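Content type PDB, C-alpha atoms, from the file entry-v1.pdb:
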```pdb
ATOM      1  CA  MET A   1      76.095 101.663 171.265
ATOM      2  CA  GLU A   2      79.133 102.802 173.235
ATOM      3  CA  TYR A   3      82.282 103.805 171.345
ATOM      4  CA  ASN A   4      85.862 104.644 172.249
ATOM      5  CA  ILE A   5      89.236 105.268 170.662
ATOM      6  CA  LEU A   6      91.296 102.230 169.621
ATOM      7  CA  GLY A   7      94.595 103.259 171.172
ATOM      8  CA  LYS A   8      97.066 105.086 169.002
ATOM      9  CA  THR A   9      95.106 104.295 165.839
ATOM     10  CA  GLY A  10      92.828 107.182 166.800
ATOM     11  CA  MET A  11      89.845 105.314 165.344
ATOM     12  CA  ASN A  12      86.454 105.466 167.048
ATOM     13  CA  ILE A  13      85.147 101.908 167.393
ATOM     14  CA  SER A  14      82.204 100.160 169.023
ATOM     15  CA  ARG A  15      82.829  98.604 172.435
ATOM     16  CA  LEU A  16      81.172  95.459 171.086
ATOM     17  CA  GLY A  17      82.638  93.961 167.926
ATOM     18  CA  ILE A  18      81.982  90.772 165.981
ATOM     19  CA  GLY A  19      84.422  87.885 165.580
ATOM     20  CA  LEU A  20      83.864  86.196 162.233
ATOM     21  CA  ALA A  21      85.481  82.790 162.681
ATOM     22  CA  GLU A  22      82.153  81.018 163.193
ATOM     23  CA  ILE A  23      80.633  82.055 159.892
ATOM     24  CA  GLY A  24      83.539  80.512 157.988
ATOM     25  CA  ILE A  25      84.624  77.587 160.128
ATOM     26  CA  GLU A  26      81.177  76.324 161.085
ATOM     27  CA  GLY A  27      79.605  77.317 157.822
ATOM     28  CA  THR A  28      76.569  79.450 157.031
ATOM     29  CA  THR A  29      74.853  80.894 153.984
ATOM     30  CA  GLN A  30      75.694  84.137 152.258
ATOM     31  CA  LYS A  31      72.136  85.314 152.827
ATOM     32  CA  ASN A  32      72.462  84.796 156.577
ATOM     33  CA  VAL A  33      75.837  86.573 156.765
ATOM     34  CA  THR A  34      74.591  89.507 154.688
ATOM     35  CA  GLU A  35      71.612  89.972 156.986
ATOM     36  CA  LEU A  36      73.735  89.481 160.118
ATOM     37  CA  LEU A  37      76.448  92.007 159.260
ATOM     38  CA  ASN A  38      74.138  94.646 157.847
ATOM     39  CA  THR A  39      71.989  94.363 160.964
ATOM     40  CA  ALA A  40      75.110  94.793 163.088
ATOM     41  CA  ILE A  41      76.061  97.993 161.260
ATOM     42  CA  ASP A  42      72.511  99.308 161.447
ATOM     43  CA  LEU A  43      72.519  98.727 165.232
ATOM     44  CA  GLY A  44      75.837 100.502 165.767
ATOM     45  CA  ILE A  45      78.577  97.866 165.590
ATOM     46  CA  ASN A  46      81.482  99.028 163.461
ATOM     47  CA  PHE A  47      84.299  96.613 164.362
ATOM     48  CA  PHE A  48      84.611  93.368 162.382
ATOM     49  CA  ASP A  49      87.409  90.839 162.880
ATOM     50  CA  THR A  50      88.159  87.910 160.568
ATOM     51  CA  ALA A  51      91.217  85.977 159.305
ATOM     52  CA  ALA A  52      92.540  84.564 156.066
ATOM     53  CA  CYS A  53      92.464  81.038 157.524
ATOM     54  CA  TYR A  54      88.797  81.087 158.625
ATOM     55  CA  ASN A  55      87.778  79.121 155.537
ATOM     56  CA  ASN A  56      85.445  81.336 153.456
ATOM     57  CA  SER A  57      84.811  83.978 156.137
ATOM     58  CA  GLU A  58      86.537  86.752 154.186
ATOM     59  CA  ASP A  59      84.532  85.932 151.040
ATOM     60  CA  LEU A  60      81.262  86.051 152.967
ATOM     61  CA  VAL A  61      82.176  89.367 154.591
ATOM     62  CA  GLY A  62      83.281  90.932 151.326
ATOM     63  CA  ASN A  63      80.086  89.936 149.572
ATOM     64  CA  ALA A  64      77.947  91.108 152.497
ATOM     65  CA  ILE A  65      79.122  94.614 153.295
ATOM     66  CA  ASN A  66      81.701  95.850 150.778
ATOM     67  CA  SER A  67      79.194  98.471 149.593
ATOM     68  CA  ARG A  68      79.233  99.985 153.117
ATOM     69  CA  ARG A  69      83.032 100.019 153.449
ATOM     70  CA  ASP A  70      83.223 103.502 154.960
ATOM     71  CA  GLU A  71      80.868 102.536 157.807
ATOM     72  CA  PHE A  72      83.056  99.986 159.603
ATOM     73  CA  PHE A  73      86.570  99.148 160.808
ATOM     74  CA  LEU A  74      87.832  95.974 159.108
ATOM     75  CA  ALA A  75      90.452  93.767 160.760
ATOM     76  CA  THR A  76      91.858  90.499 159.471
ATOM     77  CA  LYS A  77      94.811  88.247 160.293
ATOM     78  CA  CYS A  78      97.620  86.665 158.320
ATOM     79  CA  GLY A  79     100.573  84.311 158.621
ATOM     80  CA  HIS A  80      99.247  80.886 157.708
ATOM     81  CA  PRO A  81      98.863  79.189 154.306
ATOM     82  CA  THR A  82      95.245  78.800 153.223
ATOM     83  CA  ASN A  83      93.350  76.561 150.841
ATOM     84  CA  ARG A  84      93.950  79.272 148.231
ATOM     85  CA  ILE A  85      97.562  80.217 148.979
ATOM     86  CA  ASN A  86     100.289  77.606 149.412
ATOM     87  CA  GLY A  87     103.583  78.244 151.175
ATOM     88  CA  THR A  88     105.426  78.119 154.472
ATOM     89  CA  GLU A  89     103.816  79.856 157.427
ATOM     90  CA  TRP A  90     105.442  82.961 158.900
ATOM     91  CA  THR A  91     107.457  83.879 155.809
ATOM     92  CA  LYS A  92     107.413  87.280 154.143
ATOM     93  CA  ASP A  93     106.168  85.627 150.991
ATOM     94  CA  ILE A  94     103.147  83.920 152.558
ATOM     95  CA  ILE A  95     102.220  87.052 154.502
ATOM     96  CA  SER A  96     102.414  89.232 151.402
ATOM     97  CA  LYS A  97     100.397  86.775 149.329
ATOM     98  CA  THR A  98      97.699  86.258 151.953
ATOM     99  CA  ILE A  99      97.306  90.016 152.467
ATOM    100  CA  ASP A 100      96.787  90.507 148.726
ATOM    101  CA  ASP A 101      94.347  87.610 148.690
ATOM    102  CA  SER A 102      92.469  89.026 151.686
ATOM    103  CA  LEU A 103      92.011  92.332 149.876
ATOM    104  CA  LYS A 104      90.478  90.506 146.921
ATOM    105  CA  ARG A 105      88.247  88.300 149.029
ATOM    106  CA  LEU A 106      87.061  91.188 151.199
ATOM    107  CA  LYS A 107      86.444  93.295 148.071
ATOM    108  CA  THR A 108      88.352  96.308 149.381
ATOM    109  CA  ASP A 109      91.468  98.196 148.374
ATOM    110  CA  TYR A 110      92.644  98.632 151.969
ATOM    111  CA  LEU A 111      92.413  96.982 155.372
ATOM    112  CA  ASP A 112      92.044  98.986 158.539
ATOM    113  CA  LEU A 113      94.083  96.468 160.529
ATOM    114  CA  ILE A 114      96.211  93.456 159.620
ATOM    115  CA  GLN A 115      97.299  91.255 162.531
ATOM    116  CA  LEU A 116      99.875  88.508 162.931
ATOM    117  CA  HIS A 117      97.859  85.449 163.908
ATOM    118  CA  SER A 118      99.301  83.830 167.089
ATOM    119  CA  CYS A 119     102.902  84.049 165.941
ATOM    120  CA  GLU A 120     105.542  82.685 168.372
ATOM    121  CA  LYS A 121     107.975  85.215 169.833
ATOM    122  CA  GLU A 122     110.952  83.348 168.365
ATOM    123  CA  ILE A 123     109.574  84.156 164.918
ATOM    124  CA  LEU A 124     108.752  87.719 165.916
ATOM    125  CA  GLU A 125     112.351  88.206 167.038
ATOM    126  CA  LYS A 126     113.670  87.343 163.571
ATOM    127  CA  GLY A 127     111.858  90.373 162.196
ATOM    128  CA  ASP A 128     110.761  89.084 158.779
ATOM    129  CA  VAL A 129     107.066  89.001 159.679
ATOM    130  CA  ILE A 130     107.240  92.542 161.024
ATOM    131  CA  THR A 131     108.894  93.719 157.826
ATOM    132  CA  ALA A 132     106.154  92.101 155.767
ATOM    133  CA  LEU A 133     103.493  94.010 157.694
ATOM    134  CA  THR A 134     105.294  97.343 157.595
ATOM    135  CA  ASP A 135     105.789  96.907 153.841
ATOM    136  CA  ALA A 136     102.042  96.363 153.458
ATOM    137  CA  LYS A 137     101.391  99.494 155.467
ATOM    138  CA  LYS A 138     103.802 101.548 153.360
ATOM    139  CA  GLN A 139     102.047 100.272 150.228
ATOM    140  CA  GLY A 140      98.675 101.436 151.542
ATOM    141  CA  LYS A 141      97.281  97.923 151.875
ATOM    142  CA  THR A 142      96.603  98.415 155.574
ATOM    143  CA  ARG A 143      96.256 101.460 157.793
ATOM    144  CA  PHE A 144      97.462  99.766 160.984
ATOM    145  CA  ILE A 145      99.276  96.618 162.092
ATOM    146  CA  GLY A 146      98.686  94.498 165.154
ATOM    147  CA  TYR A 147      99.515  91.329 167.021
ATOM    148  CA  SER A 148      96.973  88.658 167.978
ATOM    149  CA  GLY A 149      98.127  86.187 170.607
ATOM    150  CA  ASP A 150      98.630  85.320 174.241
ATOM    151  CA  ASN A 151     101.035  84.645 177.116
ATOM    152  CA  ASP A 152     104.773  85.217 176.505
ATOM    153  CA  ASN A 153     104.202  85.980 172.820
ATOM    154  CA  ALA A 154     101.773  88.771 173.673
ATOM    155  CA  ILE A 155     104.130  90.097 176.338
ATOM    156  CA  TRP A 156     106.872  90.325 173.687
ATOM    157  CA  ALA A 157     104.541  92.280 171.401
ATOM    158  CA  VAL A 158     103.673  94.707 174.199
ATOM    159  CA  GLU A 159     107.336  95.157 175.125
ATOM    160  CA  HIS A 160     108.057  95.972 171.460
ATOM    161  CA  ASN A 161     105.044  98.230 171.188
ATOM    162  CA  THR A 162     106.590 100.608 168.668
ATOM    163  CA  LEU A 163     106.139  97.833 166.099
ATOM    164  CA  PHE A 164     102.378  97.502 166.610
ATOM    165  CA  ASP A 165      99.253  99.610 166.874
ATOM    166  CA  THR A 166      97.020  97.033 168.549
ATOM    167  CA  LEU A 167      97.009  93.869 170.657
ATOM    168  CA  GLN A 168      94.317  91.203 170.413
ATOM    169  CA  THR A 169      94.326  88.738 173.309
ATOM    170  CA  SER A 170      92.131  86.342 175.316
ATOM    171  CA  PHE A 171      90.324  87.550 178.436
ATOM    172  CA  ASN A 172      87.157  86.526 180.268
ATOM    173  CA  VAL A 173      85.851  85.291 183.636
ATOM    174  CA  VAL A 174      87.854  82.040 183.399
ATOM    175  CA  ASP A 175      90.883  83.393 181.511
ATOM    176  CA  GLN A 176      92.129  86.371 183.514
ATOM    177  CA  LYS A 177      95.916  86.275 183.192
ATOM    178  CA  ALA A 178      95.944  89.333 180.918
ATOM    179  CA  ARG A 179      94.758  91.669 183.678
ATOM    180  CA  ARG A 180      98.049  91.054 185.482
ATOM    181  CA  THR A 181     100.483  90.737 182.583
ATOM    182  CA  LEU A 182      99.205  92.810 179.658
ATOM    183  CA  PHE A 183      96.536  95.442 180.244
ATOM    184  CA  LYS A 184      98.469  98.116 182.094
ATOM    185  CA  GLN A 185     101.576  97.838 179.946
ATOM    186  CA  ALA A 186      99.674  97.785 176.650
ATOM    187  CA  ASN A 187      97.498 100.711 177.682
ATOM    188  CA  GLN A 188     100.481 102.797 178.760
ATOM    189  CA  ALA A 189     102.131 102.078 175.409
ATOM    190  CA  GLY A 190      99.058 103.318 173.552
ATOM    191  CA  LEU A 191      98.180  99.966 172.033
ATOM    192  CA  GLY A 192      94.516  99.460 171.217
ATOM    193  CA  ILE A 193      93.288  96.399 173.131
ATOM    194  CA  ILE A 194      90.951  93.953 171.385
ATOM    195  CA  ILE A 195      89.571  91.077 173.439
ATOM    196  CA  LYS A 196      88.732  87.712 171.914
ATOM    197  CA  ARG A 197      86.498  85.135 173.669
ATOM    198  CA  PRO A 198      85.042  87.730 176.072
ATOM    199  CA  ILE A 199      82.223  85.426 177.201
ATOM    200  CA  ALA A 200      84.396  82.264 177.277
ATOM    201  CA  ASN A 201      82.130  80.447 174.836
ATOM    202  CA  GLY A 202      79.305  80.729 177.367
ATOM    203  CA  ALA A 203      81.237  78.654 179.921
ATOM    204  CA  TRP A 204      79.985  80.613 182.951
ATOM    205  CA  ASN A 205      76.398  80.060 181.881
ATOM    206  CA  LYS A 206      76.928  76.368 181.081
ATOM    207  CA  ALA A 207      78.671  75.678 184.387
ATOM    208  CA  LYS A 208      75.857  77.301 186.353
ATOM    209  CA  LEU A 209      73.344  75.100 184.537
ATOM    210  CA  ASN A 210      75.345  72.120 185.840
ATOM    211  CA  ASP A 211      74.515  70.183 182.707
ATOM    212  CA  PRO A 212      77.202  67.576 181.925
ATOM    213  CA  ASN A 213      76.090  67.569 178.292
ATOM    214  CA  SER A 214      76.302  71.315 177.813
ATOM    215  CA  GLY A 215      80.057  71.570 177.384
ATOM    216  CA  PRO A 216      81.286  72.912 174.021
ATOM    217  CA  SER A 217      83.068  70.764 171.453
ATOM    218  CA  THR A 218      86.232  72.797 170.822
ATOM    219  CA  GLU A 219      89.369  72.087 172.827
ATOM    220  CA  TYR A 220      89.573  75.575 174.314
ATOM    221  CA  GLY A 221      85.812  75.578 174.896
ATOM    222  CA  ARG A 222      86.084  72.395 176.935
ATOM    223  CA  GLU A 223      88.936  73.880 178.972
ATOM    224  CA  TYR A 224      86.915  77.010 179.693
ATOM    225  CA  PHE A 225      83.965  74.846 180.765
ATOM    226  CA  GLU A 226      86.171  72.858 183.171
ATOM    227  CA  ARG A 227      87.602  76.046 184.667
ATOM    228  CA  ALA A 228      84.122  77.510 185.085
ATOM    229  CA  LYS A 229      82.892  74.403 186.900
ATOM    230  CA  ILE A 230      85.815  74.662 189.335
ATOM    231  CA  MET A 231      85.122  78.348 189.985
ATOM    232  CA  VAL A 232      81.363  77.873 190.344
ATOM    233  CA  ARG A 233      81.921  75.173 192.970
ATOM    234  CA  GLU A 234      83.507  77.858 195.164
ATOM    235  CA  GLY A 235      80.040  79.409 195.537
ATOM    236  CA  ASN A 236      77.624  81.868 193.959
ATOM    237  CA  PHE A 237      77.749  85.621 194.411
ATOM    238  CA  GLU A 238      75.013  87.630 196.064
ATOM    239  CA  ASN A 239      73.438  90.171 193.682
ATOM    240  CA  GLU A 240      74.993  88.585 190.580
ATOM    241  CA  SER A 241      72.913  89.062 187.436
ATOM    242  CA  ILE A 242      70.423  86.260 186.825
ATOM    243  CA  ASN A 243      71.877  86.142 183.300
ATOM    244  CA  PRO A 244      75.375  84.571 183.449
ATOM    245  CA  ILE A 245      76.104  85.753 179.903
ATOM    246  CA  LYS A 246      75.527  89.334 181.039
ATOM    247  CA  THR A 247      77.835  88.728 183.999
ATOM    248  CA  SER A 248      80.480  87.457 181.583
ATOM    249  CA  ILE A 249      80.383  90.376 179.127
ATOM    250  CA  SER A 250      79.963  92.925 181.916
ATOM    251  CA  PHE A 251      83.022  91.567 183.709
ATOM    252  CA  THR A 252      85.160  91.743 180.584
ATOM    253  CA  LEU A 253      84.081  95.245 179.600
ATOM    254  CA  SER A 254      84.530  96.569 183.141
ATOM    255  CA  TYR A 255      88.244  97.008 182.414
ATOM    256  CA  LYS A 256      88.727 100.494 181.058
ATOM    257  CA  GLU A 257      91.860  99.447 179.166
ATOM    258  CA  ILE A 258      89.782  97.266 176.831
ATOM    259  CA  ASN A 259      88.666  99.062 173.684
ATOM    260  CA  THR A 260      86.491  96.387 172.117
ATOM    261  CA  ALA A 261      85.388  92.827 172.820
ATOM    262  CA  ILE A 262      84.615  90.642 169.817
ATOM    263  CA  VAL A 263      81.834  88.108 170.286
ATOM    264  CA  GLY A 264      81.476  85.449 167.627
ATOM    265  CA  THR A 265      77.996  84.667 166.353
ATOM    266  CA  LYS A 266      76.130  83.644 163.244
ATOM    267  CA  SER A 267      72.722  84.192 164.833
ATOM    268  CA  ILE A 268      70.877  87.486 164.406
ATOM    269  CA  ASN A 269      68.947  86.802 167.611
ATOM    270  CA  HIS A 270      72.175  86.331 169.575
ATOM    271  CA  LEU A 271      73.552  89.502 168.006
ATOM    272  CA  LYS A 272      70.516  91.536 169.005
ATOM    273  CA  ASN A 273      70.508  90.071 172.521
ATOM    274  CA  ASN A 274      74.157  91.032 172.996
ATOM    275  CA  ILE A 275      73.532  94.578 171.767
ATOM    276  CA  ASN A 276      70.451  94.921 173.968
ATOM    277  CA  MET A 277      72.432  93.811 177.031
ATOM    278  CA  LEU A 278      74.939  96.582 176.448
ATOM    279  CA  ASN A 279      72.367  99.217 175.593
ATOM    280  CA  GLU A 280      70.332  98.396 178.705
ATOM    281  CA  GLY A 281      73.412  98.926 180.879
ATOM    282  CA  TYR A 282      76.151  96.397 181.436
ATOM    283  CA  LYS A 283      77.992  97.888 184.415
ATOM    284  CA  ILE A 284      78.949  95.181 186.880
ATOM    285  CA  ASP A 285      78.765  95.694 190.639
ATOM    286  CA  SER A 286      82.300  96.362 191.885
ATOM    287  CA  ASN A 287      81.892  93.758 194.627
ATOM    288  CA  ILE A 288      80.896  91.092 192.088
ATOM    289  CA  LYS A 289      83.872  92.001 189.904
ATOM    290  CA  GLU A 290      86.236  91.751 192.860
ATOM    291  CA  LYS A 291      84.785  88.381 193.883
ATOM    292  CA  ILE A 292      85.160  86.969 190.363
ATOM    293  CA  GLU A 293      88.787  88.080 190.335
ATOM    294  CA  LYS A 294      89.344  86.521 193.768
ATOM    295  CA  GLN A 295      87.601  83.300 192.774
ATOM    296  CA  PHE A 296      89.843  83.010 189.733
ATOM    297  CA  ASP A 297      92.958  83.612 191.824
ATOM    298  CA  ILE A 298      91.879  80.985 194.373
ATOM    299  CA  CYS A 299      91.060  78.354 191.756
ATOM    300  CA  ASN A 300      93.911  79.194 189.387
ATOM    301  CA  GLN A 301      95.877  76.041 188.580
ATOM    302  CA  ASN A 302      98.607  77.811 186.631
ATOM    303  CA  TRP A 303      95.959  78.646 184.044
ATOM    304  CA  GLU A 304      97.564  80.151 180.971
ATOM    305  CA  GLN A 305      95.730  82.225 178.394
ATOM    306  CA  LEU A 306      94.208  79.905 175.809
ATOM    307  CA  ASN A 307      95.352  80.462 172.226
TER     308      ASN A 307
END
```

For this file, write the structure as structure tokens.
Amino acid sequence: MEYNILGKTGMNISRLGIGLAEIGIEGTTQKNVTELLNTAIDLGINFFDTAACYNNSEDLVGNAINSRRDEFFLATKCGHPTNRINGTEWTKDIISKTIDDSLKRLKTDYLDLIQLHSCEKEILEKGDVITALTDAKKQGKTRFIGYSGDNDNAIWAVEHNTLFDTLQTSFNVVDQKARRTLFKQANQAGLGIIIKRPIANGAWNKAKLNDPNSGPSTEYGREYFERAKIMVREGNFENESINPIKTSISFTLSYKEINTAIVGTKSINHLKNNINMLNEGYKIDSNIKEKIEKQFDICNQNWEQLN
């Protein structure tokens, strides 16, 4: 497994991380999650990303790997009421309560990273949510604070980089806006860069299969699939990997500014396949990378980052 430093946090993290929305939102058993996350640690992954609002994801994670707490970097997100904590989103009160609840559910006395979860810049500008996070940091509840979001909201977070240690944002073959608006600025500011949806929910693979029934069910998944179909119609690339998933992850990780890319899965086989792809060598041909960038720019229909 390849590792690097997560920006100004100074923490050494795996280039491949795991996003843990699927295990809570789509549902899976505790036994499956325990096996999945322990296998991930055993194979070198040490970056785990969840959120208070991913149903029971935090509970499953806490039960699975709390005994190995010193072996991984634990990130979660806050800002929204949950089925356990009532209140108004984006208030100091709800943030404080959800952080305390996350600590209990994750069975830990500290978080490595707490992130604001897609908070609008108008709320960020008021400052209350920032204060809530800095208070949590002062109290030792979290080591670092970050922002998770896209477009103008993410730009605001990068411009006010002294407030944050990390930025989590969307980037993949069909969602490339961040390479022009965020990467350079965030990197220069020392923000650790965490990428969500790095394989675009498999959209590149599904579009190349040309199967009208293969599109995903989520709203953003359907949008990625439509974008991929438009880009694929522009033509295939000579010497592209025969595995479109490998093309997708290799493209994303080819940007040196990116510290980790979190791929969501609840399948041990998918997990092992992803790790094997990286361990076997994921470097993308520079010509292929350039052509994917060009294809996106040609097909771009004012495509915003998807939240």

Which residues fall under the PyMOL selection byres ((chain A and resi 64) around 10) in this file, as an mmCIF file with C-alpha atoms, keeping the file's coordinate frame?
```cif
data_model
loop_
_atom_site.group_PDB
_atom_site.id
_atom_site.type_symbol
_atom_site.label_atom_id
_atom_site.label_comp_id
_atom_site.auth_asym_id
_atom_site.auth_seq_id
_atom_site.Cartn_x
_atom_site.Cartn_y
_atom_site.Cartn_z
ATOM 1 C CA GLN A 30 75.694 84.137 152.258
ATOM 2 C CA LYS A 31 72.136 85.314 152.827
ATOM 3 C CA ASN A 32 72.462 84.796 156.577
ATOM 4 C CA VAL A 33 75.837 86.573 156.765
ATOM 5 C CA THR A 34 74.591 89.507 154.688
ATOM 6 C CA GLU A 35 71.612 89.972 156.986
ATOM 7 C CA LEU A 36 73.735 89.481 160.118
ATOM 8 C CA LEU A 37 76.448 92.007 159.260
ATOM 9 C CA ASN A 38 74.138 94.646 157.847
ATOM 10 C CA GLU A 58 86.537 86.752 154.186
ATOM 11 C CA ASP A 59 84.532 85.932 151.040
ATOM 12 C CA LEU A 60 81.262 86.051 152.967
ATOM 13 C CA VAL A 61 82.176 89.367 154.591
ATOM 14 C CA GLY A 62 83.281 90.932 151.326
ATOM 15 C CA ASN A 63 80.086 89.936 149.572
ATOM 16 C CA ILE A 65 79.122 94.614 153.295
ATOM 17 C CA ASN A 66 81.701 95.850 150.778
ATOM 18 C CA SER A 67 79.194 98.471 149.593
ATOM 19 C CA ARG A 68 79.233 99.985 153.117
ATOM 20 C CA LEU A 106 87.061 91.188 151.199
ATOM 21 C CA LYS A 107 86.444 93.295 148.071
#
```

Around the point (93.0, 78.1, 192.9) (coordinates from the file), which residues reach within 12 Å if we count only C-alpha atoms? Answer as number ranges by chain. A: 174, 227-228, 230-234, 293-303

Convert the output of the PyMOL selection byres ((chain A and resi 49) around 6) on the shown file into explicit residues, formatted as a list in words.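 Residues picked by the PyMOL selection byres ((chain A and resi 49) around 6): Gly19, Leu20, Phe48, Thr50, Ala75 and Thr76 of chain A.
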
Could you tell me which residues the PyMOL selection byres ((chain A and resi 147) around 6) returns for this structure, as a list in words? Gln115, Leu116, Gly146, Ser148 and Leu167 of chain A

Rounded to one decimal, what separation in Å do you get between atom CA of Met277 of chain A and atom CA of Ser250 of chain A? 9.0 Å

Between atom CA of Ala200 of chain A and atom CA of Phe251 of chain A - distance in Å to one decimal: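 Distance reported for this atom pair: 11.4 Å.
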
Name the closest residue to Lys266 of chain A among the candidates A:Glu89, A:Glu223, A:Glu22, A:Glu2; distances are taken between atoms, counting only C-alpha atoms.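 Answer, going by the shortest atom-to-atom distance: A:Glu22.
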
Suppose you want the space between atom CA of Leu113 of chain A and atom CA of Lys77 of chain A; what is it in Å?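 Computing it gives 8.3 Å between the two atoms.
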
Out of A:Lys289, A:Arg197, A:Lys272, A:Lys8, which residue has the shortest atom-to-atom distance to Phe164 of chain A when counting all atoms listed in the file?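 When distances to Phe164 of chain A are compared using all atoms listed in the file, the smallest one comes from A:Lys8.
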
Selected residue of minimal separation from Asn161 of chain A among A:Glu219, A:Gly7, A:Asn56, A:Ala203, counting all atoms listed in the file: A:Gly7
